[in-house]
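Quick look at run-v2.cif (mmCIF, C-alpha atoms):
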data_work
#
loop_
_atom_site.label_atom_id
_atom_site.label_comp_id
_atom_site.auth_asym_id
_atom_site.auth_seq_id
_atom_site.Cartn_x
_atom_site.Cartn_y
_atom_site.Cartn_z
CA MET A 1 -63.70 -7.96 -15.15
CA SER A 2 -61.39 -7.61 -12.14
CA VAL A 3 -61.28 -10.13 -9.33
CA LYS A 4 -61.51 -7.27 -6.81
CA PHE A 5 -64.71 -6.05 -8.43
CA ILE A 6 -66.34 -9.49 -8.24
CA SER A 7 -65.12 -10.02 -4.68
CA VAL A 8 -67.25 -7.17 -3.30
CA LEU A 9 -70.46 -8.33 -5.01
CA ARG A 10 -73.06 -10.56 -3.39
CA CYS A 11 -76.10 -12.53 -4.45
CA VAL A 12 -79.31 -10.49 -4.14
CA ILE A 13 -81.24 -13.68 -3.33
CA CYS A 14 -79.26 -15.31 -0.51
CA HIS A 15 -76.39 -12.78 -0.03
CA GLY A 16 -73.82 -15.45 -0.84
CA ASN A 17 -70.47 -14.86 -2.55
CA LEU A 18 -70.29 -14.75 -6.34
CA SER A 19 -67.80 -16.56 -8.54
CA VAL A 20 -66.90 -16.45 -12.23
CA THR A 21 -66.41 -19.70 -14.14
CA ASN A 22 -66.10 -19.66 -17.92
CA GLU A 23 -67.55 -16.13 -17.92
CA ILE A 24 -70.63 -17.33 -16.01
CA ILE A 25 -71.35 -15.36 -12.83
CA MET A 26 -72.98 -17.54 -10.21
CA CYS A 27 -73.70 -17.56 -6.50
CA ALA A 28 -71.57 -20.16 -4.72
CA LYS A 29 -74.30 -20.66 -2.12
CA CYS A 30 -77.66 -20.87 -3.94
CA GLN A 31 -76.32 -21.43 -7.47
CA LYS A 32 -78.24 -18.43 -8.82
CA LYS A 33 -76.79 -17.41 -12.21
CA TYR A 34 -76.59 -13.74 -13.19
CA PRO A 35 -76.70 -13.07 -16.94
CA THR A 36 -74.37 -10.67 -18.69
CA LYS A 37 -75.14 -8.62 -21.77
CA ASN A 38 -72.87 -6.10 -23.49
CA ASN A 39 -70.48 -6.03 -20.51
CA SER A 40 -73.32 -5.49 -18.00
CA ILE A 41 -74.22 -7.88 -15.19
CA PHE A 42 -77.98 -8.11 -14.64
CA PHE A 43 -79.15 -8.33 -11.02
CA ARG A 44 -82.76 -7.90 -12.09
CA LYS A 45 -84.74 -9.68 -14.79
CA ALA A 46 -83.24 -8.68 -18.12
CA GLU A 47 -86.54 -9.28 -19.93
CA LEU A 48 -88.18 -6.41 -18.04
CA GLY A 49 -86.53 -3.93 -20.39
CA ASP A 50 -85.79 -0.36 -19.31
CA ARG A 51 -88.36 2.01 -17.84
CA LEU A 52 -87.61 5.13 -19.86
CA SER A 53 -87.96 3.35 -23.21
CA SER A 54 -91.16 1.66 -22.01
CA GLN A 55 -92.69 5.03 -21.10
CA VAL A 56 -91.72 6.47 -24.47
CA LEU A 57 -93.30 3.54 -26.30
CA SER A 58 -96.46 3.70 -24.21
CA LYS A 59 -96.91 7.44 -24.82
CA ALA A 60 -98.68 7.48 -21.45
CA GLU A 61 -96.72 10.28 -19.78
CA HIS A 62 -97.90 13.87 -20.20
CA ASP A 63 -94.31 14.90 -21.01
CA TYR A 64 -93.87 12.25 -23.71
CA THR A 65 -91.85 14.50 -26.05
CA THR A 66 -89.32 15.36 -23.34
CA LEU A 67 -89.02 11.69 -22.35
CA ARG A 68 -88.38 10.70 -25.96
CA LEU A 69 -85.55 13.25 -26.18
CA LYS A 70 -84.07 12.03 -22.89
CA ALA A 71 -84.23 8.41 -24.05
CA TRP A 72 -82.33 9.32 -27.23
CA VAL A 73 -79.73 11.44 -25.44
CA LYS A 74 -79.04 8.66 -22.94
CA THR A 75 -78.02 6.34 -25.77
CA ASN A 76 -75.42 8.86 -26.99
CA PRO A 77 -72.80 9.48 -24.27
CA ILE A 78 -70.84 12.11 -26.20
CA PHE A 79 -73.95 14.12 -27.04
CA PHE A 80 -75.19 13.71 -23.46
CA ASN A 81 -71.99 15.21 -22.05
CA ILE A 82 -72.14 18.13 -24.49
CA LEU A 83 -75.75 18.92 -23.59
CA TYR A 84 -75.07 18.47 -19.87
CA HIS A 85 -72.35 21.12 -19.89
CA LEU A 86 -74.06 23.53 -22.30
CA SER A 87 -77.51 23.56 -20.69
CA ALA A 88 -76.48 25.12 -17.35
CA THR A 89 -73.42 26.30 -15.41
CA PHE A 90 -72.37 23.90 -12.66
CA ILE A 91 -70.69 25.86 -9.86
CA GLY A 92 -70.42 23.27 -7.08
CA ARG A 93 -67.79 20.66 -6.26
CA SER A 94 -68.03 17.96 -8.93
CA ALA A 95 -68.00 14.22 -8.28
CA LYS A 96 -64.76 13.91 -10.26
CA GLU A 97 -63.11 16.52 -8.07
CA VAL A 98 -64.37 14.97 -4.83
CA ILE A 99 -63.23 11.40 -5.58
CA SER A 100 -59.83 12.56 -6.87
CA SER A 101 -58.52 12.56 -3.29
CA LEU A 102 -59.39 8.89 -2.71
CA PRO A 103 -56.57 6.32 -2.68
CA GLY A 104 -55.94 4.23 -5.77
CA GLN A 105 -57.85 0.93 -6.06
CA SER A 106 -60.79 2.40 -4.12
CA ILE A 107 -64.17 0.83 -4.86
CA ILE A 108 -66.33 3.72 -6.12
CA LEU A 109 -69.96 3.19 -7.09
CA ASN A 110 -71.99 5.62 -9.22
CA ILE A 111 -75.68 4.92 -8.55
CA GLY A 112 -78.20 5.89 -11.23
CA SER A 113 -75.26 6.69 -13.47
CA GLY A 114 -77.00 6.71 -16.83
CA VAL A 115 -74.30 7.19 -19.47
CA LYS A 116 -72.25 9.62 -17.38
CA LYS A 117 -68.69 8.45 -16.74
CA VAL A 118 -67.07 10.11 -13.74
CA GLY A 119 -63.82 8.12 -13.84
CA LYS A 120 -62.42 5.04 -15.55
CA ASP A 121 -62.41 2.98 -12.34
CA VAL A 122 -65.88 4.07 -11.17
CA ILE A 123 -68.52 1.30 -11.26
CA ASN A 124 -71.66 2.49 -13.03
CA LEU A 125 -74.95 1.09 -11.73
CA ASP A 126 -78.39 1.83 -13.10
CA TYR A 127 -81.78 0.14 -13.22
CA ASP A 128 -81.67 0.54 -17.00
CA GLN A 129 -78.83 -0.63 -19.22
CA PHE A 130 -76.92 2.24 -20.76
CA ILE A 131 -73.59 2.34 -22.55
CA GLY A 132 -70.91 1.93 -19.89
CA THR A 133 -73.23 0.48 -17.23
CA GLN A 134 -71.45 -2.41 -15.51
CA ILE A 135 -74.28 -3.35 -13.15
CA VAL A 136 -77.99 -3.34 -13.95
CA GLY A 137 -79.81 -3.54 -10.65
CA ASP A 138 -82.04 -1.94 -8.05
CA VAL A 139 -80.87 0.81 -5.70
CA TYR A 140 -83.12 -0.66 -2.99
CA ASP A 141 -81.21 -3.97 -3.17
CA LEU A 142 -77.61 -3.26 -4.12
CA PRO A 143 -75.59 -6.37 -5.07
CA PHE A 144 -72.69 -5.37 -2.81
CA LYS A 145 -71.51 -6.81 0.48
CA ASP A 146 -71.85 -4.91 3.74
CA ASN A 147 -69.08 -2.33 4.33
CA SER A 148 -67.43 -3.09 0.96
CA VAL A 149 -67.55 0.23 -0.94
CA ASP A 150 -65.22 3.20 -0.39
CA ALA A 151 -67.40 5.85 -2.02
CA VAL A 152 -70.85 6.29 -3.56
CA ILE A 153 -71.85 8.95 -6.08
CA CYS A 154 -75.57 9.76 -6.23
CA GLU A 155 -76.27 12.58 -8.68
CA SER A 156 -79.85 13.65 -9.44
CA VAL A 157 -81.23 10.29 -8.34
CA LEU A 158 -82.98 10.58 -4.97
CA GLU A 159 -85.76 12.83 -6.29
CA HIS A 160 -86.72 10.07 -8.76
CA LEU A 161 -87.18 7.43 -6.04
CA ILE A 162 -90.50 6.71 -4.35
CA TYR A 163 -88.67 5.57 -1.20
CA PRO A 164 -85.47 7.67 -0.96
CA GLN A 165 -84.93 6.83 2.73
CA GLU A 166 -84.73 3.11 1.87
CA ALA A 167 -82.15 3.89 -0.80
CA VAL A 168 -80.06 5.93 1.63
CA THR A 169 -80.21 3.08 4.17
CA GLU A 170 -79.01 0.65 1.50
CA ILE A 171 -76.19 2.99 0.47
CA ARG A 172 -75.09 3.25 4.10
CA ARG A 173 -75.07 -0.55 4.38
CA VAL A 174 -72.61 -1.04 1.52
CA LEU A 175 -70.31 1.85 2.47
CA LYS A 176 -67.26 1.22 4.63
CA SER A 177 -66.92 3.04 7.93
CA GLU A 178 -66.27 6.73 7.15
CA GLY A 179 -66.99 5.97 3.49
CA LEU A 180 -67.76 8.92 1.21
CA LEU A 181 -71.24 9.71 -0.10
CA TYR A 182 -71.53 12.50 -2.68
CA VAL A 183 -75.07 13.67 -3.41
CA VAL A 184 -76.46 16.16 -5.92
CA THR A 185 -80.17 16.91 -5.84
CA PRO A 186 -82.38 19.57 -7.49
CA PHE A 187 -84.01 22.25 -5.36
CA MET A 188 -85.64 25.14 -7.25
CA LEU A 189 -86.63 23.06 -10.25
CA GLY A 190 -89.96 22.17 -11.80
CA TYR A 191 -91.23 18.67 -12.44
CA HIS A 192 -88.96 16.55 -14.62
CA ALA A 193 -89.72 12.90 -15.31
CA SER A 194 -87.11 10.27 -16.13
CA PRO A 195 -88.94 8.16 -15.32
CA GLY A 196 -90.68 9.82 -12.30
CA ASP A 197 -90.14 12.87 -10.07
CA TYR A 198 -91.27 12.90 -6.43
CA PHE A 199 -89.21 15.06 -4.04
CA ARG A 200 -87.25 18.26 -3.36
CA TRP A 201 -85.08 18.91 -0.28
CA THR A 202 -83.75 22.00 1.47
CA GLU A 203 -80.31 21.77 3.08
CA PHE A 204 -81.99 20.99 6.42
CA GLY A 205 -84.26 18.44 4.80
CA MET A 206 -81.30 16.64 3.27
CA LYS A 207 -79.59 16.54 6.67
CA GLU A 208 -82.62 14.67 7.98
CA LEU A 209 -82.67 12.29 5.02
CA LEU A 210 -78.94 11.61 5.44
CA ASN A 211 -79.25 10.70 9.10
CA GLY A 212 -76.31 8.40 9.81
CA PHE A 213 -73.95 10.52 7.69
CA GLN A 214 -71.78 13.46 8.68
CA ILE A 215 -72.15 16.31 6.19
CA LYS A 216 -68.73 17.88 5.71
CA GLU A 217 -69.63 20.32 2.96
CA SER A 218 -72.69 21.49 1.05
CA GLY A 219 -73.62 24.30 -1.29
CA SER A 220 -75.08 25.29 -4.62
CA ALA A 221 -74.52 22.84 -7.45
CA TRP A 222 -76.38 25.10 -9.88
CA GLY A 223 -77.07 28.58 -8.59
CA PRO A 224 -80.03 31.00 -8.31
CA THR A 225 -79.62 32.32 -11.86
CA THR A 226 -80.06 28.80 -13.23
CA ALA A 227 -83.18 28.46 -11.07
CA LEU A 228 -84.53 31.77 -12.40
CA VAL A 229 -83.73 30.83 -16.00
CA SER A 230 -85.40 27.44 -15.56
CA ILE A 231 -88.60 29.00 -14.21
CA LEU A 232 -88.57 31.74 -16.87
CA GLY A 233 -88.12 29.18 -19.63
CA ARG A 234 -91.06 27.15 -18.36
CA TRP A 235 -93.20 30.31 -17.98
CA LEU A 236 -92.44 31.40 -21.55
CA SER A 237 -93.17 27.87 -22.74
CA LEU A 238 -96.60 28.04 -21.11
CA VAL A 239 -97.36 31.41 -22.73
CA LEU A 240 -96.20 30.38 -26.20
CA SER A 241 -97.69 26.89 -26.27
CA PHE A 242 -101.36 28.05 -26.33
CA GLY A 243 -102.51 25.10 -24.23
CA SER A 244 -100.63 22.46 -26.24
CA ARG A 245 -98.61 19.98 -24.17
CA GLN A 246 -96.39 19.07 -27.11
CA LEU A 247 -95.60 22.69 -27.95
CA TYR A 248 -94.92 23.37 -24.27
CA GLN A 249 -92.32 20.58 -24.17
CA LEU A 250 -90.66 21.69 -27.42
CA TRP A 251 -90.44 25.29 -26.22
CA GLN A 252 -89.14 24.12 -22.86
CA VAL A 253 -86.23 22.27 -24.49
CA ALA A 254 -85.51 25.24 -26.76
CA PHE A 255 -85.42 27.76 -23.90
CA ILE A 256 -82.98 25.60 -21.94
CA PHE A 257 -80.35 26.37 -24.57
CA ILE A 258 -81.54 29.85 -25.58
CA LEU A 259 -81.27 31.08 -21.98
CA ALA A 260 -78.28 28.93 -20.94
CA PRO A 261 -75.65 31.71 -21.39
CA LEU A 262 -77.37 33.67 -18.60
CA THR A 263 -76.46 30.93 -16.12
CA LEU A 264 -72.83 32.06 -16.33
CA LEU A 265 -73.89 34.79 -13.88
CA ASP A 266 -73.93 32.11 -11.21
CA TYR A 267 -70.14 32.26 -11.11
CA LEU A 268 -70.75 35.56 -9.31
CA ILE A 269 -74.22 35.30 -7.73
CA GLY A 270 -73.82 31.66 -6.78
CA ARG A 271 -70.98 32.54 -4.37
CA HIS A 272 -73.31 34.56 -2.14
CA PRO A 273 -73.65 32.85 1.30
CA MET A 274 -77.45 32.82 0.89
CA ALA A 275 -77.37 31.42 -2.65
CA PRO A 276 -78.17 27.82 -1.53
CA ASP A 277 -81.55 29.05 -0.27
CA ASN A 278 -82.47 29.90 -3.86
CA ALA A 279 -80.35 27.43 -5.83
CA HIS A 280 -81.43 25.32 -8.77
CA GLY A 281 -79.66 22.35 -7.17
CA LEU A 282 -77.53 21.46 -4.15
CA TYR A 283 -74.53 19.22 -3.54
CA PHE A 284 -73.51 17.42 -0.34
CA ILE A 285 -70.21 15.80 0.61
CA THR A 286 -70.85 13.39 3.47
CA TYR A 287 -69.19 10.51 5.32
CA LYS A 288 -70.73 7.48 6.98
CA LYS A 289 -70.72 7.80 10.76
#
File written out as structure tokens:
Amino acid sequence: MSVKFISVLRCVICHGNLSVTNEIIMCAKCQKKYPTKNNSIFFRKAELGDRLSSQVLSKAEHDYTTLRLKAWVKTNPIFFNILYHLSATFIGRSAKEVISSLPGQSIILNIGSGVKKVGKDVINLDYDQFIGTQIVGDVYDLPFKDNSVDAVICESVLEHLIYPQEAVTEIRRVLKSEGLLYVVTPFMLGYHASPGDYFRWTEFGMKELLNGFQIKESGSAWGPTTALVSILGRWLSLVLSFGSRQLYQLWQVAFIFILAPLTLLDYLIGRHPMAPDNAHGLYFITYKK
């Protein structure tokens, strides 16, 4: 655990500086101790468990089968990466590409990272503890000092937050002046829990949400063909499930991969200047004003 990494963290109780003594992380001001487990620092109560697993165990969600699959995939990073790349064609600027231009030793934070690893020096933060997550905490109360982070990656996260504006405000607080914020968000996509799903934004809607940031570039992350394939797969799942929720979810997962080769057409169609108006998802490269 690098000294530079610890130096940008702060206590979520009193906002004091943190120190490490005999592998114990503690606030120098209020003496609050933050537990560590499997190389993760917990800035929330570790006994709360993770939300996705809790929903799977409760069987309360109407898309229980899909949630169970997601919970399993998120414990297997290699399998997750394979499925991520096979399920749809990503045509936008990737987070890895965008942060490649940043100077060495930059503090880069990946919020809601899950098991995805963008780069070896990127700090993974999630509310749930996954393999490779360094910080387990809340996006509404990031354990980072004001103006301490060079870049923030926020991929497919904002739509799962009940209060996305509060999260954006918190991200802006921790970013340095002119710090980079990279956002990916779905657009033409049906409901998908993990653990909840609340919002969709147009390009203009995202500009309003990201008030306080200068958008330098935006476009289709996944194109119109992926949107069409997604809707078609869900429609076929409805027809073939005969009113069964479980069958619907199983067919839905199957059609993601059966129809995935069609999304390669987005390499052509997705370049159309009007493609973002019909895209499956959008990306935004922004800088703090």
Item to complete: Kindly give the distance, in Å, that separates CA of Thr202 in chain A and CA of Lys74 in chain A, rounded to a single decimal.
Response: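 For CA of Thr202 in chain A relative to CA of Lys74 in chain A, the distance reads 28.2 Å.
For the pair CA of Ile171 in chain A and CA of Asn278 in chain A, the separation is 28.0 Å.
What the PyMOL selection byres ((chain A and resi 190) around 10) grabs from this file is Pro186, Phe187, Met188, Leu189, Tyr191, His192, Ala193, Asp197, Arg200, Ala227, Ser230, Ile231, Arg234 and His280 of chain A.
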Selection from above, C-alpha atoms, as a PDB file, in the coordinates of the input, can you write it?
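Output below, filename result_3.pdb:
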ATOM      1  CA  PRO A 186     -82.380  19.570  -7.490  1.00  0.00           C
ATOM      2  CA  PHE A 187     -84.010  22.250  -5.360  1.00  0.00           C
ATOM      3  CA  MET A 188     -85.640  25.140  -7.250  1.00  0.00           C
ATOM      4  CA  LEU A 189     -86.630  23.060 -10.250  1.00  0.00           C
ATOM      5  CA  TYR A 191     -91.230  18.670 -12.440  1.00  0.00           C
ATOM      6  CA  HIS A 192     -88.960  16.550 -14.620  1.00  0.00           C
ATOM      7  CA  ALA A 193     -89.720  12.900 -15.310  1.00  0.00           C
ATOM      8  CA  ASP A 197     -90.140  12.870 -10.070  1.00  0.00           C
ATOM      9  CA  ARG A 200     -87.250  18.260  -3.360  1.00  0.00           C
ATOM     10  CA  ALA A 227     -83.180  28.460 -11.070  1.00  0.00           C
ATOM     11  CA  SER A 230     -85.400  27.440 -15.560  1.00  0.00           C
ATOM     12  CA  ILE A 231     -88.600  29.000 -14.210  1.00  0.00           C
ATOM     13  CA  ARG A 234     -91.060  27.150 -18.360  1.00  0.00           C
ATOM     14  CA  HIS A 280     -81.430  25.320  -8.770  1.00  0.00           C
TER      15      HIS A 280
END
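Counting only C-alpha atoms and comparing A:Ile111, A:Glu155, A:Asn211, A:Ser40, the residue that lies closest to Val136 in chain A is A:Ser40.
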Fill in: A:Met206, A:Ile91, A:Leu69, A:Leu228 ranked by distance to Val253 in chain A, top pick (using all atoms listed in the file)
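Of A:Met206, A:Ile91, A:Leu69, A:Leu228, the one nearest Val253 in chain A, counting all atoms listed in the file, is A:Leu69.
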Fill in: CA of Asn147 in chain A to CA of Leu210 in chain A, distance in Å rounded to a single decimal
17.1 Å
Block slice range 125-141 of chain A, N, CA and C atoms, emitted as a PDB file, in the first residue's frame:
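Result file is decode.pdb:
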ATOM      1  N   LEU A 125     -12.807   1.257  -6.589  1.00  0.00           N
ATOM      2  CA  LEU A 125     -13.706   1.516  -5.468  1.00  0.00           C
ATOM      3  C   LEU A 125     -15.094   1.001  -5.801  1.00  0.00           C
ATOM      4  N   ASP A 126     -15.679   0.270  -4.866  1.00  0.00           N
ATOM      5  CA  ASP A 126     -17.037  -0.223  -5.052  1.00  0.00           C
ATOM      6  C   ASP A 126     -17.705  -0.336  -3.691  1.00  0.00           C
ATOM      7  N   TYR A 127     -19.031  -0.283  -3.683  1.00  0.00           N
ATOM      8  CA  TYR A 127     -19.750  -0.471  -2.423  1.00  0.00           C
ATOM      9  C   TYR A 127     -19.624  -1.912  -1.944  1.00  0.00           C
ATOM     10  N   ASP A 128     -19.504  -2.843  -2.892  1.00  0.00           N
ATOM     11  CA  ASP A 128     -19.330  -4.255  -2.583  1.00  0.00           C
ATOM     12  C   ASP A 128     -17.872  -4.639  -2.782  1.00  0.00           C
ATOM     13  N   GLN A 129     -17.432  -5.647  -2.047  1.00  0.00           N
ATOM     14  CA  GLN A 129     -16.045  -6.087  -2.171  1.00  0.00           C
ATOM     15  C   GLN A 129     -15.924  -7.143  -3.260  1.00  0.00           C
ATOM     16  N   PHE A 130     -15.177  -6.785  -4.300  1.00  0.00           N
ATOM     17  CA  PHE A 130     -14.890  -7.723  -5.372  1.00  0.00           C
ATOM     18  C   PHE A 130     -13.390  -7.972  -5.409  1.00  0.00           C
ATOM     19  N   ILE A 131     -12.977  -8.963  -6.166  1.00  0.00           N
ATOM     20  CA  ILE A 131     -11.549  -9.216  -6.349  1.00  0.00           C
ATOM     21  C   ILE A 131     -10.918  -7.985  -7.004  1.00  0.00           C
ATOM     22  N   GLY A 132      -9.872  -7.470  -6.395  1.00  0.00           N
ATOM     23  CA  GLY A 132      -9.182  -6.302  -6.938  1.00  0.00           C
ATOM     24  C   GLY A 132      -9.707  -4.973  -6.454  1.00  0.00           C
ATOM     25  N   THR A 133     -10.736  -4.985  -5.580  1.00  0.00           N
ATOM     26  CA  THR A 133     -11.269  -3.728  -5.037  1.00  0.00           C
ATOM     27  C   THR A 133     -10.408  -3.262  -3.877  1.00  0.00           C
ATOM     28  N   GLN A 134      -9.772  -2.098  -4.022  1.00  0.00           N
ATOM     29  CA  GLN A 134      -8.931  -1.579  -2.936  1.00  0.00           C
ATOM     30  C   GLN A 134      -9.726  -0.846  -1.869  1.00  0.00           C
ATOM     31  N   ILE A 135     -10.809  -0.187  -2.297  1.00  0.00           N
ATOM     32  CA  ILE A 135     -11.612   0.599  -1.353  1.00  0.00           C
ATOM     33  C   ILE A 135     -13.064   0.164  -1.436  1.00  0.00           C
ATOM     34  N   VAL A 136     -13.628  -0.190  -0.289  1.00  0.00           N
ATOM     35  CA  VAL A 136     -15.048  -0.525  -0.199  1.00  0.00           C
ATOM     36  C   VAL A 136     -15.726   0.645   0.504  1.00  0.00           C
ATOM     37  N   GLY A 137     -16.508   1.403  -0.250  1.00  0.00           N
ATOM     38  CA  GLY A 137     -17.101   2.608   0.314  1.00  0.00           C
ATOM     39  C   GLY A 137     -18.287   3.085  -0.493  1.00  0.00           C
ATOM     40  N   ASP A 138     -18.764   4.260  -0.140  1.00  0.00           N
ATOM     41  CA  ASP A 138     -19.979   4.825  -0.708  1.00  0.00           C
ATOM     42  C   ASP A 138     -19.635   5.972  -1.652  1.00  0.00           C
ATOM     43  N   VAL A 139     -20.201   5.951  -2.851  1.00  0.00           N
ATOM     44  CA  VAL A 139     -19.933   6.997  -3.840  1.00  0.00           C
ATOM     45  C   VAL A 139     -20.441   8.357  -3.367  1.00  0.00           C
ATOM     46  N   TYR A 140     -21.420   8.363  -2.465  1.00  0.00           N
ATOM     47  CA  TYR A 140     -21.943   9.626  -1.939  1.00  0.00           C
ATOM     48  C   TYR A 140     -21.030  10.234  -0.875  1.00  0.00           C
ATOM     49  N   ASP A 141     -20.060   9.472  -0.405  1.00  0.00           N
ATOM     50  CA  ASP A 141     -19.147   9.940   0.647  1.00  0.00           C
ATOM     51  C   ASP A 141     -17.777   9.331   0.405  1.00  0.00           C
TER      52      ASP A 141
END
